[in-house]
Every structure is written in structure tokens, then in C-alpha cells.
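Note: the block below is run-v5.cif and it holds mmCIF, C-alpha atoms.
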```cif
data_start
loop_
_atom_site.label_atom_id
_atom_site.label_comp_id
_atom_site.auth_asym_id
_atom_site.auth_seq_id
_atom_site.Cartn_x
_atom_site.Cartn_y
_atom_site.Cartn_z
CA MET S 1 41.53 36.19 -30.21
CA ASN S 2 39.01 34.49 -27.89
CA LYS S 3 35.38 34.53 -28.95
CA PHE S 4 32.64 34.86 -26.37
CA SER S 5 28.92 34.19 -26.64
CA ASN S 6 26.05 35.12 -24.40
CA ILE S 7 24.82 32.47 -21.99
CA PRO S 8 21.68 30.92 -23.54
CA LYS S 9 18.48 31.02 -21.57
CA PRO S 10 17.67 27.72 -19.82
CA LYS S 11 14.73 25.81 -21.25
CA GLY S 12 12.98 25.60 -17.89
CA LYS S 13 10.58 22.94 -16.75
CA GLY S 14 7.37 24.00 -18.46
CA ARG S 15 4.26 24.39 -16.36
CA LEU S 16 4.67 23.64 -12.64
CA SER S 17 1.91 22.92 -10.18
CA THR S 18 1.65 24.67 -6.81
CA ASN S 19 2.86 21.45 -5.16
CA ASP S 20 5.93 21.42 -7.44
CA ILE S 21 6.79 24.98 -6.51
CA LEU S 22 6.26 24.53 -2.77
CA GLY S 23 7.78 21.07 -2.36
CA GLY S 24 9.91 20.58 -5.45
CA GLN S 25 9.19 18.29 -8.35
CA ILE S 26 8.50 14.65 -7.59
CA THR S 27 11.52 12.40 -7.92
CA PRO S 28 10.69 9.50 -10.26
CA ALA S 29 10.20 6.20 -8.42
CA ILE S 30 13.08 4.56 -10.31
CA GLU S 31 15.45 7.25 -9.02
CA ARG S 32 14.18 6.85 -5.47
CA MET S 33 14.70 3.10 -5.76
CA ARG S 34 18.35 3.58 -6.70
CA SER S 35 18.97 5.87 -3.74
CA LEU S 36 17.41 3.60 -1.08
CA SER S 37 19.58 2.66 1.87
CA GLU S 38 19.99 -1.00 2.78
CA ASP S 39 17.39 -0.73 5.56
CA GLU S 40 14.96 1.13 3.30
CA PHE S 41 15.32 -1.51 0.60
CA GLU S 42 14.61 -4.25 3.14
CA ASP S 43 11.44 -2.39 4.20
CA LEU S 44 10.39 -2.01 0.55
CA VAL S 45 10.89 -5.74 -0.06
CA LEU S 46 8.71 -6.57 2.96
CA GLU S 47 6.02 -4.17 1.70
CA TRP S 48 6.12 -5.78 -1.74
CA ALA S 49 6.02 -9.28 -0.26
CA ASP S 50 3.08 -8.46 2.00
CA GLY S 51 1.08 -6.40 -0.47
CA TYR S 52 1.84 -8.16 -3.75
CA LEU S 53 3.43 -11.61 -3.37
CA ASN S 54 0.87 -12.65 -0.77
CA ASN S 55 -1.72 -12.65 -3.56
CA LYS S 56 0.38 -14.94 -5.77
CA TYR S 57 1.18 -17.75 -3.34
CA ASP S 58 -0.55 -19.94 -0.81
CA LYS S 59 1.87 -18.51 1.75
CA ILE S 60 5.15 -16.57 1.86
CA ARG S 61 8.01 -16.69 4.35
CA GLN S 62 10.96 -14.42 5.02
CA TYR S 63 14.34 -16.06 5.63
CA GLY S 64 16.53 -12.96 5.34
CA GLY S 65 19.56 -12.54 7.58
CA SER S 66 22.44 -14.80 8.53
CA GLY S 67 21.63 -18.42 7.89
CA ASP S 68 19.08 -17.70 5.17
CA LYS S 69 20.87 -20.22 2.90
CA GLY S 70 20.46 -17.92 -0.07
CA ARG S 71 16.73 -17.35 0.45
CA ASP S 72 15.43 -13.94 1.45
CA ILE S 73 11.79 -14.65 0.61
CA VAL S 74 10.16 -17.94 -0.36
CA GLY S 75 6.73 -18.22 -1.96
CA PHE S 76 4.94 -21.53 -1.42
CA TYR S 77 2.44 -22.84 -3.94
CA GLN S 78 -0.50 -24.93 -2.78
CA ASN S 79 1.07 -28.11 -4.22
CA GLY S 80 4.27 -27.57 -2.22
CA ASP S 81 6.40 -26.09 -5.03
CA ILE S 82 8.37 -22.96 -4.17
CA ASP S 83 9.83 -19.82 -5.73
CA ILE S 84 12.86 -18.16 -4.16
CA TYR S 85 13.51 -14.42 -4.14
CA GLN S 86 17.08 -13.38 -3.40
CA CYS S 87 16.85 -9.67 -2.55
CA LYS S 88 20.10 -7.76 -2.25
CA HIS S 89 21.07 -4.11 -1.86
CA TYR S 90 24.12 -3.50 -4.02
CA SER S 91 25.87 -0.19 -4.55
CA ALA S 92 26.13 -0.88 -8.30
CA ILE S 93 24.53 -2.92 -11.05
CA LEU S 94 24.86 -6.63 -10.23
CA SER S 95 27.74 -8.35 -12.03
CA PRO S 96 28.49 -12.10 -12.26
CA SER S 97 31.45 -11.77 -9.85
CA LEU S 98 29.07 -10.77 -7.02
CA PHE S 99 26.49 -13.38 -7.93
CA TRP S 100 28.53 -16.60 -8.06
CA VAL S 101 28.28 -17.11 -4.32
CA GLU S 102 24.47 -16.89 -4.46
CA LEU S 103 24.37 -19.54 -7.19
CA GLY S 104 26.78 -21.58 -5.10
CA LYS S 105 24.37 -21.46 -2.14
CA LEU S 106 21.47 -22.51 -4.35
CA CYS S 107 23.37 -25.52 -5.64
CA HIS S 108 24.89 -26.51 -2.28
CA TYR S 109 21.69 -26.37 -0.25
CA THR S 110 19.54 -28.12 -2.85
CA PHE S 111 22.26 -30.78 -3.35
CA SER S 112 22.31 -31.45 0.40
CA ASN S 113 18.47 -31.56 0.46
CA GLN S 114 18.13 -28.60 2.82
CA TYR S 115 15.45 -27.27 0.53
CA GLU S 116 14.01 -28.30 -2.81
CA ILE S 117 14.94 -26.85 -6.18
CA PRO S 118 12.57 -23.92 -6.76
CA LYS S 119 10.37 -23.49 -9.82
CA ALA S 120 11.95 -20.06 -10.21
CA TYR S 121 14.78 -18.19 -8.53
CA TYR S 122 14.41 -14.40 -8.77
CA ILE S 123 17.20 -11.87 -8.41
CA VAL S 124 15.84 -8.65 -6.88
CA THR S 125 18.17 -5.66 -6.49
CA THR S 126 17.99 -1.87 -6.19
CA LYS S 127 19.94 -1.16 -9.37
CA GLY S 128 19.20 -4.24 -11.43
CA VAL S 129 21.30 -6.82 -13.24
CA GLY S 130 24.19 -5.93 -15.54
CA THR S 131 24.40 -6.83 -19.23
CA LYS S 132 26.87 -9.69 -18.75
CA LEU S 133 24.79 -11.40 -16.08
CA LEU S 134 21.66 -10.87 -18.18
CA ASP S 135 23.40 -12.64 -21.06
CA TYR S 136 24.02 -15.63 -18.79
CA ILE S 137 20.39 -15.59 -17.60
CA ASN S 138 19.24 -15.62 -21.23
CA ASN S 139 21.72 -18.43 -22.01
CA PRO S 140 21.51 -20.40 -18.73
CA THR S 141 23.65 -23.37 -19.84
CA GLU S 142 26.66 -21.06 -19.56
CA PHE S 143 26.21 -20.95 -15.79
CA ASN S 144 27.17 -24.62 -15.35
CA ASP S 145 30.80 -24.53 -16.46
CA LEU S 146 31.35 -20.96 -15.27
CA LEU S 147 30.19 -21.69 -11.73
CA ILE S 148 32.53 -24.68 -11.56
CA SER S 149 35.47 -22.62 -12.81
CA GLU S 150 34.72 -19.85 -10.29
CA TRP S 151 34.01 -22.19 -7.37
CA LYS S 152 37.34 -22.09 -5.54
CA ASP S 153 37.67 -18.32 -5.69
CA LYS S 154 34.04 -17.20 -5.26
CA CYS S 155 32.28 -19.98 -3.34
CA GLU S 156 34.45 -22.50 -1.52
CA THR S 157 34.98 -20.45 1.67
CA LYS S 158 32.00 -18.09 1.39
CA ILE S 159 28.92 -20.32 1.66
CA LYS S 160 29.33 -21.51 5.25
CA SER S 161 31.86 -21.35 8.06
CA THR S 162 33.74 -24.39 6.76
CA LYS S 163 34.92 -25.03 3.23
CA THR S 164 32.36 -26.25 0.70
CA ILE S 165 34.43 -28.67 -1.34
CA LEU S 166 33.51 -29.37 -4.93
CA THR S 167 33.38 -33.18 -4.71
CA LYS S 168 32.92 -35.38 -7.77
CA GLU S 169 29.23 -35.93 -7.02
CA PHE S 170 28.61 -32.25 -6.31
CA LYS S 171 30.45 -31.21 -9.49
CA GLU S 172 28.26 -33.56 -11.54
CA TYR S 173 25.21 -32.07 -9.81
CA ILE S 174 26.22 -28.54 -10.91
CA GLU S 175 27.05 -29.75 -14.43
CA ASN S 176 23.48 -31.06 -14.77
CA PHE S 177 21.70 -28.30 -12.84
CA ASP S 178 18.92 -26.53 -14.76
CA PHE S 179 19.82 -22.86 -14.41
CA SER S 180 16.88 -21.78 -16.57
CA ILE S 181 15.08 -21.23 -13.24
CA ILE S 182 17.19 -18.07 -12.73
CA LYS S 183 15.15 -14.94 -13.46
CA ASP S 184 15.80 -11.27 -12.89
CA LYS S 185 13.22 -8.93 -11.41
CA SER S 186 14.15 -5.53 -12.80
CA PRO S 187 13.79 -2.44 -10.58
CA LEU S 188 11.00 -1.19 -12.85
CA GLU S 189 9.10 -4.48 -12.52
CA LEU S 190 9.51 -4.30 -8.74
CA ILE S 191 8.19 -0.75 -8.70
CA ASN S 192 5.17 -1.64 -10.87
CA GLU S 193 4.32 -4.58 -8.61
CA HIS S 194 4.87 -2.50 -5.47
CA LYS S 195 2.55 0.10 -7.01
CA GLN S 196 -0.31 -2.38 -6.67
CA THR S 197 0.05 -2.33 -2.88
CA THR S 198 -1.26 0.17 -0.34
CA TYR S 199 2.36 0.93 0.65
CA TYR S 200 3.28 2.64 -2.62
CA PRO S 201 2.05 6.22 -1.94
CA GLN S 202 3.96 6.35 1.36
CA ARG S 203 7.14 4.99 -0.23
CA PHE S 204 7.18 6.78 -3.60
CA GLY S 205 4.43 9.42 -3.43
CA GLY S 206 2.45 10.26 -6.53
CA GLY S 207 -0.99 10.13 -4.93
CA LEU S 208 -3.33 7.40 -3.78
CA ILE S 209 -3.57 4.30 -5.96
CA LYS S 210 -7.14 3.14 -5.37
CA TYR S 211 -9.94 5.32 -6.62
CA ARG S 212 -13.02 6.13 -4.63
CA ASN S 213 -16.16 4.37 -5.78
CA LEU S 214 -19.32 6.22 -6.69
CA ILE S 215 -21.24 7.26 -3.60
CA PRO S 216 -23.97 4.65 -3.01
CA LYS S 217 -27.55 5.86 -2.73
CA PRO S 218 -29.36 5.19 0.55
CA THR S 219 -31.63 2.17 0.59
CA LYS S 220 -35.38 2.79 0.77
CA THR S 221 -35.59 1.25 4.21
CA ILE S 222 -33.31 2.18 7.10
CA GLN S 223 -30.61 -0.42 7.64
CA LYS S 224 -29.80 -1.90 11.04
CA HIS S 225 -26.44 -0.11 11.20
CA GLU S 226 -28.19 3.28 10.75
CA LEU S 227 -30.53 3.02 13.72
CA ASN S 228 -28.62 5.25 16.15
CA TYR S 229 -28.26 8.40 14.06
CA THR S 230 -31.68 8.07 12.39
CA THR S 231 -33.33 7.74 15.82
CA LEU S 232 -31.68 11.02 16.86
CA LEU S 233 -32.98 12.64 13.68
CA PHE S 234 -36.52 11.40 14.33
CA ASP S 235 -36.28 12.82 17.88
CA ALA S 236 -35.15 16.17 16.44
CA TYR S 237 -38.06 16.17 13.96
CA SER S 238 -40.50 15.29 16.75
CA SER S 239 -39.25 18.23 18.79
CA LYS S 240 -39.49 20.54 15.75
CA THR S 241 -43.04 19.54 14.71
CA GLY S 242 -44.58 18.69 18.07
CA VAL S 243 -45.61 15.32 16.59
CA VAL S 244 -44.18 11.97 17.68
CA ILE S 245 -42.13 10.68 14.75
CA LYS S 246 -40.70 7.17 14.93
CA ASN S 247 -40.24 6.23 11.30
CA GLN S 248 -40.12 7.48 7.70
CA LYS S 249 -43.86 7.09 7.20
CA ASN S 250 -44.62 9.28 10.25
CA LEU S 251 -42.18 11.89 8.96
CA GLU S 252 -43.63 11.94 5.44
CA THR S 253 -47.08 12.51 6.90
CA ALA S 254 -45.96 15.20 9.35
CA ASN S 255 -43.71 17.32 7.13
CA LYS S 256 -42.63 16.67 3.55
CA ASP S 257 -39.77 19.20 3.72
CA LEU S 258 -38.31 17.44 6.73
CA ALA S 259 -38.75 14.11 4.92
CA LYS S 260 -36.51 15.50 2.15
CA HIS S 261 -34.09 16.75 4.78
CA PHE S 262 -33.95 13.23 6.25
CA GLU S 263 -33.01 11.67 2.90
CA GLU S 264 -30.32 14.31 2.38
CA GLU S 265 -28.85 13.51 5.79
CA ARG S 266 -28.85 9.78 4.99
CA THR S 267 -27.08 10.49 1.68
CA SER S 268 -24.37 12.36 3.56
CA PHE S 269 -23.99 9.44 6.00
CA TYR S 270 -23.54 6.99 3.11
CA CYS S 271 -21.01 9.36 1.57
CA THR S 272 -18.94 9.39 4.77
CA GLU S 273 -19.12 5.59 4.94
CA SER S 274 -17.62 5.46 1.45
CA LEU S 275 -14.78 7.75 2.59
CA ASP S 276 -14.10 5.33 5.44
CA ARG S 277 -13.83 2.43 2.97
CA PHE S 278 -11.62 4.50 0.67
CA SER S 279 -9.30 5.27 3.58
CA ARG S 280 -9.05 1.60 4.58
CA ASP S 281 -8.38 0.55 0.98
CA ASN S 282 -5.49 2.97 0.59
CA PHE S 283 -4.04 2.91 4.10
CA ALA S 284 -4.78 -0.62 5.30
CA ASP S 285 -1.29 -1.01 6.76
CA LEU S 286 -1.44 2.03 9.07
CA ALA S 287 -2.22 1.54 12.76
CA THR S 288 -4.34 4.71 12.62
CA PRO S 289 -5.85 5.25 9.15
CA PRO S 290 -6.47 8.89 8.10
CA PHE S 291 -10.23 8.45 8.45
CA GLU S 292 -9.78 7.76 12.17
CA GLU S 293 -7.78 10.97 12.50
CA LEU S 294 -10.52 12.79 10.60
CA LYS S 295 -13.08 11.44 13.06
CA GLU S 296 -11.03 12.65 16.02
CA ASP S 297 -10.62 16.12 14.55
CA SER S 298 -14.30 16.30 13.59
CA LEU S 299 -15.43 15.19 17.04
CA LEU S 300 -13.38 17.96 18.64
CA VAL S 301 -14.90 20.57 16.30
CA ILE S 302 -18.49 19.36 16.75
CA LYS S 303 -18.32 19.00 20.53
CA SER S 304 -16.77 22.44 20.89
CA LYS S 305 -19.50 23.97 18.74
CA LEU S 306 -22.33 22.19 20.57
CA ARG S 307 -20.88 23.20 23.93
CA LEU S 308 -21.05 26.90 23.00
CA SER S 309 -24.14 26.83 20.80
CA THR S 310 -26.94 29.16 21.84
CA TYR S 311 -29.58 27.07 20.07
CA VAL S 312 -31.97 24.95 22.11
CA GLU S 313 -33.82 22.87 19.50
CA ASP S 314 -32.13 19.59 18.47
CA LEU S 315 -32.44 20.27 14.74
CA GLU S 316 -31.01 23.77 15.03
CA ARG S 317 -28.06 22.43 17.05
CA LEU S 318 -27.42 19.83 14.33
CA GLU S 319 -27.49 22.52 11.63
CA ASP S 320 -25.15 24.69 13.71
CA ALA S 321 -22.68 21.79 14.01
CA LYS S 322 -22.92 21.14 10.26
CA LEU S 323 -22.08 24.76 9.42
CA GLU S 324 -19.06 24.61 11.72
CA ILE S 325 -17.64 21.41 10.27
CA LEU S 326 -18.28 22.63 6.71
CA SER S 327 -15.92 25.51 7.42
CA GLN S 328 -13.04 23.12 8.23
CA GLN S 329 -10.36 22.30 5.63
CA PHE S 330 -8.62 19.31 7.29
CA SER S 331 -5.62 20.16 5.12
CA SER S 332 -3.17 18.12 7.22
CA ASN S 333 -5.12 14.91 6.63
CA PRO S 334 -3.91 12.69 3.73
CA LEU S 335 -7.55 12.40 2.62
CA HIS S 336 -8.13 16.15 2.40
CA LYS S 337 -8.31 16.25 -1.40
CA GLU S 338 -11.02 13.59 -1.33
CA ILE S 339 -13.14 15.13 1.43
CA ARG S 340 -16.39 16.50 0.03
CA ASN S 341 -18.90 18.72 1.81
CA LEU S 342 -21.20 15.70 1.95
CA ASP S 343 -18.48 13.84 3.86
CA LYS S 344 -18.26 16.64 6.39
CA VAL S 345 -22.01 16.73 6.95
CA GLY S 346 -22.15 12.95 7.05
CA MET S 347 -19.43 12.92 9.72
CA CYS S 348 -21.95 14.52 12.11
CA HIS S 349 -24.20 11.50 11.68
CA TYR S 350 -21.32 9.04 11.57
CA LEU S 351 -20.25 10.23 15.03
CA ALA S 352 -23.85 10.30 16.25
CA ASN S 353 -24.23 6.73 15.03
CA GLU S 354 -21.27 5.77 17.25
CA ASN S 355 -22.93 7.55 20.20
CA SER S 356 -20.10 10.10 20.29
CA VAL S 357 -22.41 13.12 19.93
CA LYS S 358 -26.08 13.90 20.54
CA TRP S 359 -28.17 16.83 19.33
CA LYS S 360 -30.31 17.29 22.45
CA LYS S 361 -28.93 19.94 24.79
#
```
Translate this structure into C-alpha cells?
Amino acid sequence: MNKFSNIPKPKGKGRLSTNDILGGQITPAIERMRSLSEDEFEDLVLEWADGYLNNKYDKIRQYGGSGDKGRDIVGFYQNGDIDIYQCKHYSAILSPSLFWVELGKLCHYTFSNQYEIPKAYYIVTTKGVGTKLLDYINNPTEFNDLLISEWKDKCETKIKSTKTILTKEFKEYIENFDFSIIKDKSPLELINEHKQTTYYPQRFGGGLIKYRNLIPKPTKTIQKHELNYTTLLFDAYSSKTGVVIKNQKNLETANKDLAKHFEEERTSFYCTESLDRFSRDNFADLATPPFEELKEDSLLVIKSKLRLSTYVEDLERLEDAKLEILSQQFSSNPLHKEIRNLDKVGMCHYLANENSVKWKK
């Protein structure tokens, strides 16, 4: 007689955030790497080269495509030495049978002096290197005889349009070649290095990678780059008090409360400047960084408010604009979780400093 049991309750996923519930849980970067298309992997390699390898070498060059001679990316040291990165999108873990032709290219083109033997030759793939190939990498002297034995089948007709014959001299060259230069760059290593670039959040998600610095305090004296918005503030204070105010000393003498107001406004301006730097640090590769979009949206809000404002005094119009922009969420902007109220207030002065808005009616 068949025995039946109740279906056990699933364990579930534990606590989920609102983002998890609305958009699904984040796919780990290693899983995303394995599912990349060939074009996506090429883009990722270029991002990694630009954002990470550029810092390691004097210069880098891309040779990918037909005629690359087994070099997708080459890093040049200052003394002229090179490293080669052979970056391939394979549908499975890389086995020796797929790799012999790449080793054949390395040997052929260095033997014929078309480029020098690199200090290191890195294998970079979406799914990594298989156990057997890793064994050869860890015991590189095995490559010499194996490559020779595989030459006719795996290399002779696959390196260039004509046959690449294993002549006596070329065979001796392979027999003595130092294959200890062969290294593998695992997918996890590639991800960790890519994570140090500004491209990572757009490719894999997981949030911004560079943290925002502490908001700097305003300097005691007004800096040259602050002159536009501070002049507008002094004009507003002059209109409010009926006294000509041209500097901080005049303001302190005329009205101590307004002097405090002035320092608060400067603090907000410095805060917005820090948001601008934060945006550039995290989105340096974008043609239009999120901060620029925030400026555009803020300008629309402020101009619309000033156009309809019933206030006449400059200072009251500024305060009216501040209240309006404080009510905005900017939830579609990638920076929205970093935007503080001080940033919103400071945006009024940031735009005034660029002569985009004025407080006088």
C-alpha cells in the first residue's frame, strides 16, 4: 500500500526588503557573469580595462577582433614590458581542447617576432577555467609536449589563413618556451576588480561603490567660486533690512539673525557641492551624470515656483523656493537615497551661483 505524507512547508527566504519584494531579489554578480551574452561580456571587459587596468599600466590597448593575434587587451609597462589578456566568451568552463589554439598563437607570433613574450598571459572567461587546464597552469612544463602533440589537430590550420607548419626551429622554440607566464583570471577575481570601477553598479547593481565624504564646513571667508550666490544673498538682506550690505561684516553689524541665516545657506551650498563630487565619483563614465539631471529637475521646480510666487521681497521668494524644492522626492534619480534636505536647499544657491535663477522679482 502506498504511503503519502503532507507537503512540508517551504523554508522561505527570511526577511525581505521592500526592494526585494517589488523588484525581486538581487541576482549574485557571479550568476550574472555566467549569463552574459558575448556582446555584454565584451562591454564588461572594456569597462574593467578602462576602470581597473588603466591604473595598473602605463597604457593599455585593445586588439580584439579578427587579426588580434591572440591578444584582446595588452597592458604596457613603463619599461616596455607587456601583459596580455586573452578574453573569451565560452558557453562552458574552458577546457584544454579549446585553449590549444590560443597557446599556438602566442608561440607563433612571439616566435616570428610580431610581438614580444609577455611577462604574464591572462586567461579571462565568463565561466572560468576547468580543473584539467588549471592543473596544466599549475604545472606549466606539461604545456610544452602537449602543445606539440596537439599541434596538427588544434593549431596547424587555425592560427592564420595558411598552414602554420611546426618546423624544427619552431618545435624547439615551443619545447623551450616558459609557459609559467600563463595565468587564469577567475570570474570572481574579475568581478572583484570590476567592482573597483564606476561601472560596477550599472552592470551588477548592489548600490554605489564610493561613499560620500563628510560635508565640508564653509570657510570663514567667502571663496571666489561663491561670489555669485552670496552677492544675491547680500542683495536680499539689503532689501530686507534697508541697509546696504556688501559683505559678512556689514551683515553681522546689521542683523545677527540674518548673519546666522547666511552661514546656514553657505553650509547648504557646500553640501550640494559635495553631492556633485559624489555623483562624478560614482558615475564618471556617463555622458549626463545624475547630478546634472537633478539640476535640470530642480531648475524647473524653482523657476515654476518663482514665476507664480506672490511674494515681492527677495528673501521671501528664496524661502518660498526652498520650501517647494524641499517637498520634492526626486525618486527617479539614482542619487535619491543620498539627497539630503541640505542638498535641496543648497541646490537653490548652486543654481543661483550659475546665474540660472535670481531672487529679485
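Compared by their closest atoms to S:Phe278, and using all atoms listed in the file, the residues S:Ile215, S:Ile84, S:Leu323, S:Leu46 rank with S:Ile215 nearest.
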I'd like the neighbourhood of S:His194 as a PDB file with C-alpha atoms, in the coordinates of the input, where a residue qualifies if any of its atoms comes within 7 Å (using all atoms listed in the file), though same-chain residues fewer than 6 positions away should be ignored.
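New file around11.pdb:
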```pdb
ATOM      1  CA  TRP S  48       6.120  -5.780  -1.740  1.00  0.00           C
ATOM      2  CA  TYR S  52       1.840  -8.160  -3.750  1.00  0.00           C
ATOM      3  CA  TYR S 200       3.280   2.640  -2.620  1.00  0.00           C
TER       4      TYR S 200
END
```
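Nearest-residue note for S:Lys88: choosing from S:Asp235, S:Asp39, S:Glu338, S:Asp50, the minimum distance belongs to S:Asp39, counting only C-alpha atoms.
Minimum atom-to-atom distance to S:Asn282, evaluated using all atoms listed in the file, belongs to S:Tyr211 out of S:Lys260, S:Lys344, S:Pro218, S:Tyr211.
Taking atom CA of S:Phe41 and atom CA of S:Ile191 as endpoints, the distance between them is 11.7 Å.
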Quick one: residues within 10 Å of S:Asp276, only C-alpha atoms counted, chain neighbours fewer than 3 positions away excluded, as a list in words?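 Everything that qualifies: Tyr270, Cys271, Thr272, Glu273, Ser279, Arg280, Asp281, Pro289, Pro290, Phe291, Glu292, Leu294, Lys295 and Asp343 of chain S.
Taking atom CA of S:Thr157 and atom CA of S:Asp145 as the two end points, the separation is 19.0 Å.
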Quick one, how far is atom CA of S:Tyr90 from atom CA of S:Thr126? 6.7 Å
Of the candidates S:Lys220, S:Pro187, S:Val345, S:Glu316, which one gets nearest to S:Lys249 if we count only C-alpha atoms? S:Lys220
Using all atoms listed in the file: which of S:Leu342, S:Ile137, S:Leu258, S:Cys87 has the shortest distance to S:Thr241: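 Looking at the shortest contact to S:Thr241, the residue is S:Leu258.
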Here's a test: counting all atoms listed in the file, identify every protein, DNA and RNA residue with an atom at most 10 Å from (29.8, -10.9, -12.7) in the file's coordinate frame, and state them as a ChimeraX atom specification. /S:93-100,129-134,136
